[in-house]
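*Asks:* What follows is coords.pdb, PDB, C-alpha atoms, pLDDT in the B column.
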ATOM      1  CA  MET A   1      12.769  -0.410-115.551  1.00 45.00           C
ATOM      2  CA  GLY A   2       9.371  -0.152-117.124  1.00 48.00           C
ATOM      3  CA  TRP A   3       6.311   0.097-114.898  1.00 46.00           C
ATOM      4  CA  TRP A   4       5.100  -3.267-116.238  1.00 50.00           C
ATOM      5  CA  ILE A   5       7.928  -5.214-114.559  1.00 53.00           C
ATOM      6  CA  PRO A   6       7.531  -5.118-110.787  1.00 65.00           C
ATOM      7  CA  ARG A   7      10.664  -5.359-108.640  1.00 71.00           C
ATOM      8  CA  LEU A   8       9.139  -8.523-107.140  1.00 68.00           C
ATOM      9  CA  VAL A   9      10.261 -10.515-110.189  1.00 72.00           C
ATOM     10  CA  VAL A  10      13.702  -8.964-110.745  1.00 82.00           C
ATOM     11  CA  PRO A  11      16.507 -11.264-109.541  1.00 90.00           C
ATOM     12  CA  ASP A  12      19.617  -9.867-107.880  1.00 92.00           C
ATOM     13  CA  LEU A  13      21.797 -12.107-110.020  1.00 92.00           C
ATOM     14  CA  ARG A  14      21.319 -14.199-113.167  1.00 87.00           C
ATOM     15  CA  ILE A  15      23.610 -17.096-114.012  1.00 93.00           C
ATOM     16  CA  GLU A  16      23.520 -19.962-116.471  1.00 91.00           C
ATOM     17  CA  ARG A  17      24.198 -22.828-114.036  1.00 94.00           C
ATOM     18  CA  ILE A  18      24.228 -23.052-110.275  1.00 96.00           C
ATOM     19  CA  GLU A  19      27.923 -24.009-110.364  1.00 95.00           C
ATOM     20  CA  GLU A  20      28.668 -20.447-111.515  1.00 95.00           C
ATOM     21  CA  LEU A  21      27.517 -19.157-108.131  1.00 96.00           C
ATOM     22  CA  THR A  22      30.876 -18.708-106.408  1.00 94.00           C
ATOM     23  CA  ALA A  23      32.223 -17.371-103.124  1.00 94.00           C
ATOM     24  CA  PRO A  24      32.731 -13.843-104.550  1.00 95.00           C
ATOM     25  CA  HIS A  25      29.073 -13.772-105.693  1.00 94.00           C
ATOM     26  CA  LEU A  26      27.896 -14.929-102.278  1.00 95.00           C
ATOM     27  CA  ALA A  27      30.088 -12.387-100.518  1.00 94.00           C
ATOM     28  CA  ALA A  28      28.712  -9.628-102.752  1.00 95.00           C
ATOM     29  CA  LEU A  29      25.158 -10.726-101.916  1.00 95.00           C
ATOM     30  CA  GLU A  30      26.073 -10.531 -98.211  1.00 96.00           C
ATOM     31  CA  VAL A  31      24.276 -13.761 -97.338  1.00 97.00           C
ATOM     32  CA  GLN A  32      25.033 -16.600 -94.972  1.00 97.00           C
ATOM     33  CA  ALA A  33      22.722 -19.179 -96.509  1.00 98.00           C
ATOM     34  CA  LEU A  34      21.162 -20.348 -99.744  1.00 98.00           C
ATOM     35  CA  LEU A  35      17.690 -21.764-100.140  1.00 98.00           C
ATOM     36  CA  VAL A  36      18.033 -23.911-103.242  1.00 98.00           C
ATOM     37  CA  ASP A  37      15.244 -25.071-105.524  1.00 96.00           C
ATOM     38  CA  VAL A  38      15.512 -28.661-106.763  1.00 96.00           C
ATOM     39  CA  ASP A  39      13.676 -29.339-110.033  1.00 91.00           C
ATOM     40  CA  CYS A  40      15.306 -27.712-113.070  1.00 86.00           C
ATOM     41  CA  THR A  41      17.838 -25.978-110.769  1.00 94.00           C
ATOM     42  CA  LEU A  42      19.825 -28.864-109.236  1.00 93.00           C
ATOM     43  CA  CYS A  43      18.525 -31.680-111.427  1.00 81.00           C
ATOM     44  CA  ARG A  44      15.999 -32.511-114.116  1.00 74.00           C
ATOM     45  CA  TYR A  45      12.353 -32.475-113.136  1.00 79.00           C
ATOM     46  CA  GLN A  46      11.585 -35.569-111.012  1.00 78.00           C
ATOM     47  CA  GLN A  47      15.151 -36.926-111.299  1.00 78.00           C
ATOM     48  CA  GLU A  48      16.023 -39.229-108.398  1.00 88.00           C
ATOM     49  CA  ASP A  49      19.619 -38.140-107.847  1.00 91.00           C
ATOM     50  CA  ILE A  50      21.691 -34.983-108.012  1.00 94.00           C
ATOM     51  CA  PRO A  51      24.375 -34.871-110.756  1.00 94.00           C
ATOM     52  CA  ALA A  52      27.965 -35.050-109.493  1.00 96.00           C
ATOM     53  CA  GLU A  53      28.870 -31.478-110.485  1.00 96.00           C
ATOM     54  CA  LYS A  54      25.936 -30.133-108.450  1.00 96.00           C
ATOM     55  CA  VAL A  55      26.901 -32.285-105.448  1.00 96.00           C
ATOM     56  CA  GLN A  56      30.447 -30.893-105.669  1.00 97.00           C
ATOM     57  CA  TRP A  57      29.079 -27.335-105.827  1.00 97.00           C
ATOM     58  CA  ILE A  58      26.987 -27.935-102.683  1.00 97.00           C
ATOM     59  CA  GLN A  59      30.033 -29.383-100.893  1.00 97.00           C
ATOM     60  CA  ARG A  60      32.201 -26.377-101.861  1.00 96.00           C
ATOM     61  CA  THR A  61      29.487 -23.991-100.735  1.00 97.00           C
ATOM     62  CA  LEU A  62      29.141 -25.718 -97.366  1.00 97.00           C
ATOM     63  CA  GLN A  63      32.927 -25.880 -96.916  1.00 97.00           C
ATOM     64  CA  GLY A  64      33.036 -22.149 -97.680  1.00 96.00           C
ATOM     65  CA  GLY A  65      30.913 -21.513 -94.603  1.00 97.00           C
ATOM     66  CA  TRP A  66      27.493 -20.987 -96.174  1.00 98.00           C
ATOM     67  CA  GLN A  67      24.437 -22.935 -95.097  1.00 98.00           C
ATOM     68  CA  VAL A  68      22.252 -24.646 -97.704  1.00 98.00           C
ATOM     69  CA  CYS A  69      18.647 -25.791 -97.443  1.00 98.00           C
ATOM     70  CA  LEU A  70      16.652 -27.348-100.280  1.00 98.00           C
ATOM     71  CA  VAL A  71      13.281 -25.639-100.768  1.00 98.00           C
ATOM     72  CA  SER A  72      11.017 -27.387-103.240  1.00 96.00           C
ATOM     73  CA  ASN A  73       7.386 -27.591-104.219  1.00 92.00           C
ATOM     74  CA  GLY A  74       8.073 -31.312-104.752  1.00 92.00           C
ATOM     75  CA  ARG A  75       6.911 -34.240-102.655  1.00 93.00           C
ATOM     76  CA  ALA A  76       8.539 -34.856 -99.289  1.00 96.00           C
ATOM     77  CA  GLY A  77       9.798 -38.405 -99.931  1.00 96.00           C
ATOM     78  CA  ARG A  78      11.841 -37.531-102.999  1.00 95.00           C
ATOM     79  CA  ILE A  79      13.123 -34.219-101.656  1.00 97.00           C
ATOM     80  CA  ALA A  80      14.128 -35.896 -98.374  1.00 97.00           C
ATOM     81  CA  ARG A  81      16.174 -38.499-100.287  1.00 96.00           C
ATOM     82  CA  LEU A  82      17.922 -35.775-102.311  1.00 97.00           C
ATOM     83  CA  ALA A  83      18.631 -33.713 -99.183  1.00 97.00           C
ATOM     84  CA  GLN A  84      20.035 -36.791 -97.481  1.00 96.00           C
ATOM     85  CA  GLN A  85      22.358 -37.347-100.469  1.00 94.00           C
ATOM     86  CA  LEU A  86      23.625 -33.781 -99.998  1.00 96.00           C
ATOM     87  CA  HIS A  87      23.608 -33.789 -96.165  1.00 96.00           C
ATOM     88  CA  VAL A  88      21.497 -30.624 -96.003  1.00 98.00           C
ATOM     89  CA  PRO A  89      18.109 -29.778 -94.477  1.00 98.00           C
ATOM     90  CA  PHE A  90      15.044 -29.428 -96.688  1.00 98.00           C
ATOM     91  CA  VAL A  91      11.522 -28.098 -96.982  1.00 98.00           C
ATOM     92  CA  ALA A  92       9.190 -29.942 -99.361  1.00 97.00           C
ATOM     93  CA  GLY A  93       5.733 -28.863-100.453  1.00 95.00           C
ATOM     94  CA  ALA A  94       6.949 -25.270-100.182  1.00 95.00           C
ATOM     95  CA  LEU A  95       4.046 -23.784-102.174  1.00 93.00           C
ATOM     96  CA  LYS A  96       6.238 -21.233-103.954  1.00 92.00           C
ATOM     97  CA  PRO A  97       5.586 -18.469-104.951  1.00 90.00           C
ATOM     98  CA  PHE A  98       4.045 -18.117-101.497  1.00 92.00           C
ATOM     99  CA  SER A  99       6.636 -17.594 -98.807  1.00 93.00           C
ATOM    100  CA  PHE A 100       5.543 -20.337 -96.359  1.00 94.00           C
ATOM    101  CA  GLY A 101       8.254 -22.816 -97.344  1.00 96.00           C
ATOM    102  CA  CYS A 102      10.987 -20.193 -97.366  1.00 97.00           C
ATOM    103  CA  ARG A 103       9.947 -19.086 -93.870  1.00 97.00           C
ATOM    104  CA  ARG A 104      10.179 -22.697 -92.667  1.00 98.00           C
ATOM    105  CA  ALA A 105      13.635 -23.036 -94.212  1.00 98.00           C
ATOM    106  CA  LEU A 106      14.836 -19.815 -92.564  1.00 98.00           C
ATOM    107  CA  ARG A 107      13.589 -21.083 -89.179  1.00 98.00           C
ATOM    108  CA  LYS A 108      15.498 -24.345 -89.714  1.00 97.00           C
ATOM    109  CA  LEU A 109      18.659 -22.361 -90.468  1.00 98.00           C
ATOM    110  CA  GLY A 110      18.076 -19.856 -87.659  1.00 98.00           C
ATOM    111  CA  LEU A 111      18.497 -16.853 -89.947  1.00 98.00           C
ATOM    112  CA  PRO A 112      16.510 -13.776 -90.910  1.00 98.00           C
ATOM    113  CA  ALA A 113      15.457 -13.327 -94.537  1.00 97.00           C
ATOM    114  CA  SER A 114      18.063 -10.588 -95.005  1.00 97.00           C
ATOM    115  CA  LYS A 115      20.857 -13.161 -94.545  1.00 97.00           C
ATOM    116  CA  ALA A 116      19.671 -15.662 -97.182  1.00 98.00           C
ATOM    117  CA  ALA A 117      19.187 -15.896-100.929  1.00 98.00           C
ATOM    118  CA  MET A 118      16.815 -18.100-102.899  1.00 97.00           C
ATOM    119  CA  VAL A 119      18.397 -19.857-105.881  1.00 98.00           C
ATOM    120  CA  GLY A 120      16.026 -21.185-108.507  1.00 95.00           C
ATOM    121  CA  ASP A 121      14.970 -21.311-112.144  1.00 93.00           C
ATOM    122  CA  GLN A 122      11.566 -19.563-112.071  1.00 87.00           C
ATOM    123  CA  LEU A 123      10.794 -15.852-111.854  1.00 83.00           C
ATOM    124  CA  PHE A 124       7.187 -16.449-110.822  1.00 84.00           C
ATOM    125  CA  ALA A 125       7.996 -19.017-108.137  1.00 88.00           C
ATOM    126  CA  ASP A 126      11.541 -18.756-106.758  1.00 94.00           C
ATOM    127  CA  VAL A 127      12.304 -15.064-107.298  1.00 93.00           C
ATOM    128  CA  LEU A 128       8.824 -13.995-106.244  1.00 88.00           C
ATOM    129  CA  ALA A 129       8.898 -16.101-103.046  1.00 95.00           C
ATOM    130  CA  ALA A 130      12.273 -14.576-102.138  1.00 96.00           C
ATOM    131  CA  ARG A 131      11.162 -11.012-102.817  1.00 92.00           C
ATOM    132  CA  TRP A 132       8.007 -11.313-100.702  1.00 92.00           C
ATOM    133  CA  LEU A 133      10.240 -12.106 -97.724  1.00 93.00           C
ATOM    134  CA  GLY A 134      12.917  -9.517 -98.458  1.00 93.00           C
ATOM    135  CA  MET A 135      15.479 -12.143 -99.466  1.00 96.00           C
ATOM    136  CA  LYS A 136      18.006 -11.851-102.268  1.00 96.00           C
ATOM    137  CA  SER A 137      17.413 -14.026-105.322  1.00 95.00           C
ATOM    138  CA  VAL A 138      19.554 -15.776-107.899  1.00 96.00           C
ATOM    139  CA  LEU A 139      17.996 -16.971-111.145  1.00 93.00           C
ATOM    140  CA  VAL A 140      19.563 -19.870-113.050  1.00 94.00           C
ATOM    141  CA  ARG A 141      18.697 -21.090-116.531  1.00 88.00           C
ATOM    142  CA  PRO A 142      16.402 -24.126-116.125  1.00 85.00           C
ATOM    143  CA  ILE A 143      17.822 -27.601-116.645  1.00 82.00           C
ATOM    144  CA  HIS A 144      15.735 -29.389-119.313  1.00 71.00           C
ATOM    145  CA  PRO A 145      12.556 -27.303-119.003  1.00 63.00           C
ATOM    146  CA  GLU A 146      10.899 -29.580-121.578  1.00 66.00           C
ATOM    147  CA  ASP A 147      10.536 -32.145-118.743  1.00 72.00           C
ATOM    148  CA  GLU A 148       8.469 -29.779-116.602  1.00 64.00           C
ATOM    149  CA  PRO A 149       4.736 -30.162-116.022  1.00 57.00           C
ATOM    150  CA  TRP A 150       2.410 -28.206-118.292  1.00 59.00           C
ATOM    151  CA  PHE A 151       1.561 -25.570-115.660  1.00 67.00           C
ATOM    152  CA  THR A 152       5.241 -24.604-115.338  1.00 64.00           C
ATOM    153  CA  ARG A 153       5.882 -24.660-119.097  1.00 59.00           C
ATOM    154  CA  MET A 154       2.859 -22.395-119.501  1.00 65.00           C
ATOM    155  CA  LYS A 155       4.650 -19.624-117.528  1.00 72.00           C
ATOM    156  CA  ARG A 156       7.919 -19.813-119.467  1.00 61.00           C
ATOM    157  CA  PRO A 157       6.941 -17.527-122.400  1.00 62.00           C
ATOM    158  CA  LEU A 158       5.980 -14.719-120.020  1.00 58.00           C
ATOM    159  CA  GLU A 159       9.195 -15.257-118.036  1.00 72.00           C
ATOM    160  CA  GLY A 160      11.162 -15.061-121.282  1.00 69.00           C
ATOM    161  CA  TRP A 161       9.481 -11.792-122.218  1.00 60.00           C
ATOM    162  CA  VAL A 162      10.214 -10.275-118.780  1.00 65.00           C
ATOM    163  CA  LEU A 163      13.860 -11.356-118.990  1.00 66.00           C
ATOM    164  CA  LYS A 164      14.205  -9.764-122.452  1.00 72.00           C
ATOM    165  CA  GLN A 165      12.769  -6.509-121.098  1.00 69.00           C
ATOM    166  CA  LEU A 166      15.214  -6.597-118.191  1.00 71.00           C
ATOM    167  CA  GLU A 167      18.098  -7.087-120.611  1.00 71.00           C
ATOM    168  CA  LYS A 168      16.889  -4.141-122.689  1.00 66.00           C
ATOM    169  CA  ASP A 169      16.788  -2.037-119.537  1.00 66.00           C
ATOM    170  CA  ASN A 170      20.248  -3.361-118.611  1.00 61.00           C
ATOM    171  CA  LEU A 171      18.927  -4.933-115.394  1.00 49.00           C
ATOM    172  CA  ARG A 172      20.469  -8.314-116.039  1.00 46.00           C
ATOM    173  CA  GLY A 173      21.246  -8.967-112.393  1.00 45.00           C
TER     174      GLY A 173
END
Render the structure in this file as structure tokens.
*Replies:*
Amino acid sequence: MGWWIPRLVVPDLRIERIEELTAPHLAALEVQALLVDVDCTLCRYQQEDIPAEKVQWIQRTLQGGWQVCLVSNGRAGRIARLAQQLHVPFVAGALKPFSFGCRRALRKLGLPASKAAMVGDQLFADVLAARWLGMKSVLVRPIHPEDEPWFTRMKRPLEGWVLKQLEKDNLRG
């Protein structure tokens, strides 16, 4: 890995869609819980409900014995409604890439950082927040990134460049 790509932004695993994250992946990560981003990971930016295939994935994950907590920079009212739909705890206003929200989620789940993974669509928010705490991280391809606010879209070219460098170095995750 080149010196220009700090380990703080290298995910442990990269997948196309969250539904590809299966029991064998979770066992290999050696985690008991997933902190899951909402916008562009579980649903489109600002969408008011979770698509059925994502709901089914959450249910399978919970039935498999893993805990799930939504961790979003989004507003509390909307994130609370989505969490209620999924029957999982949540942390809104997480301020990722800072680790405050992830710490709150870990306290809710009663787990240390070493037993959880952050699942999200952004290197410079989700992966970075996980790494600062010593958590594992899973990067998914964003769902409809064209819906995102300008400040998120502004980071995407740099994320794309970093991901290409990781692929060149065969550090795909």
*Asks:* Please compute the atom CA of A:Ser99-atom CA of A:Val10 distance, one decimal, in Å.
*Replies:*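 So the two atoms, atom CA of A:Ser99 and atom CA of A:Val10, lie 16.3 Å apart.
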*Asks:* Going by the chain IDs and residue numbers used in this file, which residues fall under the PyMOL selection byres ((chain A and resi 128) around 12)? Write them as a PyMOL selection string.
*Replies:* chain A and resi 6-12+95-99+102+117-127+129-139+159
*Asks:* Env of A:Gln67: 10 Å cut, atoms = all atoms listed in the file, seq-sep filter 4 positions within chain, self excluded. Answer as a PyMOL selection string.
*Replies:* chain A and resi 31-35+58+61-63+88-89+109+111+116
*Asks:* If you keep C-alpha atoms, can you produce a file of those selected residues as a tab-separated table (two decimals), keeping the file's coordinate frame?
*Replies:*
chain	number	residue	atom	x	y	z
A	31	VAL	CA	24.28	-13.76	-97.34
A	32	GLN	CA	25.03	-16.60	-94.97
A	33	ALA	CA	22.72	-19.18	-96.51
A	34	LEU	CA	21.16	-20.35	-99.74
A	35	LEU	CA	17.69	-21.76	-100.14
A	58	ILE	CA	26.99	-27.94	-102.68
A	61	THR	CA	29.49	-23.99	-100.74
A	62	LEU	CA	29.14	-25.72	-97.37
A	63	GLN	CA	32.93	-25.88	-96.92
A	88	VAL	CA	21.50	-30.62	-96.00
A	89	PRO	CA	18.11	-29.78	-94.48
A	109	LEU	CA	18.66	-22.36	-90.47
A	111	LEU	CA	18.50	-16.85	-89.95
A	116	ALA	CA	19.67	-15.66	-97.18
*Asks:* I'd like the contact shell of stretch 83-85 of chain A - 12 Å cut-off, only C-alpha atoms, skipping same-chain residues fewer than 4 positions apart - returned as number ranges by chain.
*Replies:* A: 36-38, 42, 48-52, 54-56, 58-59, 68-72, 76-79, 89-92
*Asks:* What is the atom CA of A:Lys164-atom CA of A:Pro142 distance in Å, reported with one decimal?
*Replies:*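 It comes out at 15.8 Å.
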*Asks:* Give me the box for stretch 10-28 of chain A as AutoDock Vina command-line options, namely the centre and edge lengths in Å to one decimal of a box along x, y and z that holds every listed atom plus 5 Å on each side.
*Replies:*
--center_x 23.2 --center_y -16.5 --center_z -108.5 --size_x 29.0 --size_y 25.0 --size_z 26.0
*Asks:* Using atom CA of A:Asp39 and atom CA of A:Leu166 as the two end points, give the distance in Å to one decimal.
*Replies:*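 Interatomic distance here is 24.2 Å.
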*Asks:* So that I can see what lies close to A:Val140, please list as a ChimeraX atom specification the residues with an atom at most 7 Å from it, counting all atoms listed in the file and leaving out residues fewer than 4 positions away in the same chain.
*Replies:* /A:14-18,41,120-121
